[in-house]
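Peer 1: Sharing query22.txt (compact mmCIF, C-alpha atoms) below.
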```
# COMPACT_ATOMS: atom_id res chain seq x y z
CA MET A 91 -31.26 365.28 43.35
CA ASN A 92 -34.89 365.11 44.30
CA SER A 93 -36.15 362.24 46.42
CA HIS A 94 -38.22 360.67 43.61
CA PHE A 95 -35.20 360.46 41.31
CA THR A 96 -33.06 359.00 44.11
CA ALA A 97 -35.74 356.42 44.91
CA LEU A 98 -35.95 355.48 41.24
CA LEU A 99 -32.18 355.01 41.01
CA VAL A 100 -32.16 352.84 44.15
CA ALA A 101 -35.06 350.74 42.81
CA LEU A 102 -33.32 350.24 39.44
CA PHE A 103 -30.07 349.30 41.16
CA LEU A 104 -31.84 346.74 43.37
CA ALA A 105 -33.76 345.32 40.39
CA PHE A 106 -30.46 344.94 38.54
CA LEU A 107 -28.97 343.00 41.45
CA VAL A 108 -31.98 340.70 41.88
CA ALA A 109 -33.10 340.15 38.28
CA PRO A 110 -31.52 337.38 36.22
CA SER A 111 -29.37 338.45 33.32
CA LEU A 112 -31.32 339.24 30.18
CA ALA A 113 -28.37 338.18 28.03
CA SER A 114 -28.53 334.59 29.18
CA ALA A 115 -31.00 332.77 31.36
CA GLY A 116 -28.47 330.08 32.23
CA ASP A 117 -25.29 329.84 34.25
CA PRO A 118 -22.30 329.05 31.99
CA ALA A 119 -20.23 327.64 34.88
CA ALA A 120 -23.00 325.25 35.92
CA GLY A 121 -23.52 324.41 32.25
CA ALA A 122 -19.82 323.56 31.87
CA VAL A 123 -20.12 320.90 34.58
CA ILE A 124 -23.11 319.28 32.84
CA PHE A 125 -21.54 319.67 29.38
CA ASN A 126 -18.26 318.10 30.51
CA ALA A 127 -20.10 315.15 32.04
CA ASN A 128 -22.54 314.52 29.19
CA CYS A 129 -21.42 316.22 25.99
CA SER A 130 -17.64 316.49 25.96
CA SER A 131 -16.98 312.91 24.88
CA CYS A 132 -18.26 313.94 21.44
CA HIS A 133 -18.04 317.75 21.41
CA GLY A 134 -14.76 317.97 23.37
CA ILE A 135 -14.04 319.92 26.55
CA SER A 136 -13.33 323.03 24.45
CA GLY A 137 -16.47 322.47 22.34
CA LYS A 138 -14.56 322.09 19.06
CA GLY A 139 -16.25 318.79 18.18
CA ASP A 140 -13.00 316.99 18.90
CA GLY A 141 -13.90 314.77 21.84
CA PRO A 142 -12.44 311.25 21.99
CA VAL A 143 -15.68 309.67 20.74
CA GLY A 144 -16.42 312.52 18.33
CA ALA A 145 -13.20 311.89 16.41
CA ALA A 146 -14.67 308.63 15.12
CA LEU A 147 -18.10 310.02 14.21
CA THR A 148 -19.44 310.95 10.80
CA PRO A 149 -20.69 313.58 10.61
CA SER A 150 -18.38 315.24 13.12
CA PRO A 151 -20.01 316.78 16.17
CA ARG A 152 -20.81 320.50 16.02
CA ASN A 153 -17.90 322.86 16.70
CA PHE A 154 -19.36 325.35 19.18
CA THR A 155 -16.35 327.68 19.01
CA VAL A 156 -17.57 328.77 15.56
CA GLY A 157 -21.07 329.57 16.80
CA ASP A 158 -22.67 328.26 13.61
CA PHE A 159 -25.75 326.08 14.05
CA ALA A 160 -27.46 323.79 11.56
CA PHE A 161 -31.01 323.49 12.83
CA ASP A 162 -34.13 325.63 13.11
CA PRO A 163 -36.49 323.33 15.05
CA ASN A 164 -38.89 326.14 15.93
CA GLU A 165 -39.12 326.85 12.17
CA ASN A 166 -38.97 330.63 12.41
CA GLY A 167 -36.20 330.98 9.81
CA VAL A 168 -33.38 331.63 12.30
CA LYS A 169 -31.00 328.77 13.11
CA GLY A 170 -29.36 328.35 16.50
CA GLU A 171 -31.58 330.40 18.76
CA ASP A 172 -31.82 329.28 22.38
CA GLU A 173 -35.18 327.65 21.70
CA ASP A 174 -33.65 325.73 18.78
CA LEU A 175 -30.84 324.46 20.98
CA GLN A 176 -33.31 323.53 23.73
CA LEU A 177 -35.29 321.42 21.27
CA VAL A 178 -32.22 319.67 19.83
CA ILE A 179 -30.88 318.91 23.31
CA ALA A 180 -34.23 317.59 24.53
CA ASN A 181 -35.21 315.67 21.38
CA GLY A 182 -31.91 314.85 19.67
CA ALA A 183 -30.74 316.07 16.25
CA MET A 184 -32.28 313.26 14.19
CA LYS A 185 -35.78 314.64 14.76
CA TYR A 186 -34.67 317.78 12.88
CA GLY A 187 -32.79 316.06 10.04
CA GLY A 188 -29.48 315.76 11.87
CA SER A 189 -27.37 312.88 13.02
CA PRO A 190 -28.98 310.16 15.13
CA LEU A 191 -25.70 310.17 17.07
CA MET A 192 -26.76 313.42 18.78
CA ALA A 193 -28.98 311.64 21.24
CA PRO A 194 -31.89 313.29 23.04
CA TRP A 195 -31.43 314.29 26.67
CA PRO A 196 -35.04 314.36 27.93
CA THR A 197 -33.98 313.81 31.56
CA LEU A 198 -32.28 317.20 31.83
CA THR A 199 -34.30 319.88 33.57
CA GLU A 200 -35.15 323.14 31.82
CA ALA A 201 -32.65 324.94 34.08
CA GLN A 202 -29.90 322.44 33.20
CA VAL A 203 -30.56 322.92 29.49
CA GLU A 204 -30.43 326.71 29.93
CA ASP A 205 -27.09 326.30 31.74
CA ILE A 206 -25.72 324.11 28.94
CA ILE A 207 -26.82 326.65 26.33
CA ALA A 208 -25.15 329.46 28.30
CA HIS A 209 -21.97 327.38 28.36
CA ILE A 210 -22.21 326.61 24.62
CA ARG A 211 -22.61 330.33 23.91
CA SER A 212 -19.51 331.04 26.02
CA LEU A 213 -17.43 328.70 23.85
CA LYS A 214 -17.69 330.86 20.73
CA VAL A 215 -14.32 332.34 19.88
CA GLU A 216 -14.53 335.91 18.71
CA GLU A 217 -12.84 336.51 15.40
CA PRO A 218 -10.02 339.07 15.48
CA ALA A 219 -10.93 342.44 14.01
CA ALA A 220 -9.76 343.01 10.45
CA GLU A 221 -6.91 345.44 10.12
```
Transcribe the structure of this file into structure tokens.
Peer 2:
Amino acid sequence: MNSHFTALLVALFLAFLVAPSLASAGDPAAGAVIFNANCSSCHGISGKGDGPVGAALTPSPRNFTVGDFAFDPNENGVKGEDEDLQLVIANGAMKYGGSPLMAPWPTLTEAQVEDIIAHIRSLKVEEPAAE
């Protein structure tokens, strides 16, 4: 290998180690802590919408294991993008035509919201492949 190619490989490897993941800006483990403290009473620890408070709510809280989202707050025609979830978490669902029971969480930092979203994304259960 020539020295330029080796230097490029080393630089790419170091950038990979230092750069945040492109797949998710948040930390799902940190998000789980925040989610369990603030969201699980309605959405449940597993994210199925089956928390102790959520069982009594109409409409039922969102089931995050399905990965299906109802709102498109950024109005770009795609529901459930990270930006959509950020807006619903910060402003509550009622602002976007949803339940007033999904309260806004304006006191969460941007990093905390990113962590919660990463955790929510991790809750989706992959469907088994068709045989």
Peer 1: Could you name the residues that touch Gly139 in chain A at 8 Å or less, counting only C-alpha atoms, but leaving out those on the same chain fewer than 2 positions away, as a VMD selection string?
Peer 2: chain A and resid 132 to 134 137 141 144 to 145 150 to 154
Peer 1: Just to be explicit: take each residue in the selection above, keep C-alpha atoms, and write the result as an mmCIF file, in the coordinates of the input.
Peer 2:
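Just written: selection_20.cif:
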```cif
data_model
loop_
_atom_site.group_PDB
_atom_site.id
_atom_site.type_symbol
_atom_site.label_atom_id
_atom_site.label_comp_id
_atom_site.auth_asym_id
_atom_site.auth_seq_id
_atom_site.Cartn_x
_atom_site.Cartn_y
_atom_site.Cartn_z
ATOM 1 C CA CYS A 132 -18.260 313.940 21.440
ATOM 2 C CA HIS A 133 -18.040 317.750 21.410
ATOM 3 C CA GLY A 134 -14.760 317.970 23.370
ATOM 4 C CA GLY A 137 -16.470 322.470 22.340
ATOM 5 C CA GLY A 141 -13.900 314.770 21.840
ATOM 6 C CA GLY A 144 -16.420 312.520 18.330
ATOM 7 C CA ALA A 145 -13.200 311.890 16.410
ATOM 8 C CA SER A 150 -18.380 315.240 13.120
ATOM 9 C CA PRO A 151 -20.010 316.780 16.170
ATOM 10 C CA ARG A 152 -20.810 320.500 16.020
ATOM 11 C CA ASN A 153 -17.900 322.860 16.700
ATOM 12 C CA PHE A 154 -19.360 325.350 19.180
#
```
Peer 1: Place a sphere of radius 8 Å on (-26.5, 321.9, 13.3) in the file coordinates and name every protein, DNA or RNA residue with an atom inside or on its surface, counting all atoms listed in the file; give the answer as a PDB file with C-alpha atoms, in the coordinates of the input.
Peer 2:
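And here is the file that came out, result16.pdb:
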```
ATOM      1  CA  ARG A 152     -20.810 320.500  16.020  1.00  0.00           C
ATOM      2  CA  ASP A 158     -22.670 328.260  13.610  1.00  0.00           C
ATOM      3  CA  PHE A 159     -25.750 326.080  14.050  1.00  0.00           C
ATOM      4  CA  ALA A 160     -27.460 323.790  11.560  1.00  0.00           C
ATOM      5  CA  PHE A 161     -31.010 323.490  12.830  1.00  0.00           C
ATOM      6  CA  GLY A 170     -29.360 328.350  16.500  1.00  0.00           C
ATOM      7  CA  ALA A 183     -30.740 316.070  16.250  1.00  0.00           C
ATOM      8  CA  GLY A 188     -29.480 315.760  11.870  1.00  0.00           C
TER       9      GLY A 188
END
```
Peer 1: Would you pick out the contacts of Asp162 in chain A at 10 Å or less, using all atoms listed in the file, so that residues sharing its chain but fewer than 2 positions from it are not included, and give the list as a list in words?
Peer 2: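 Contacts, in chain order: Phe159, Ala160, Asn164, Glu165, Asn166, Gly167, Val168, Lys169, Gly170, Glu171, Glu173, Asp174, Leu175, Leu177, Val178 and Tyr186 of chain A.
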Peer 1: Rounded to one decimal in Å, what is the spacing between CA of Ala120 in chain A and CA of Pro142 in chain A?
Peer 2: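 Those two atoms sit 22.4 Å apart.
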Peer 1: Report, in Å with one decimal, the straight-line distance from CA of Glu200 in chain A to CA of Asp172 in chain A.
Peer 2: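 Pair CA of Glu200 in chain A / CA of Asp172 in chain A returns 11.7 Å.
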Peer 1: Could you jot down the CA of Ala193 in chain A to CA of Asn181 in chain A separation for me, Å, one decimal place?
Peer 2: 7.4 Å
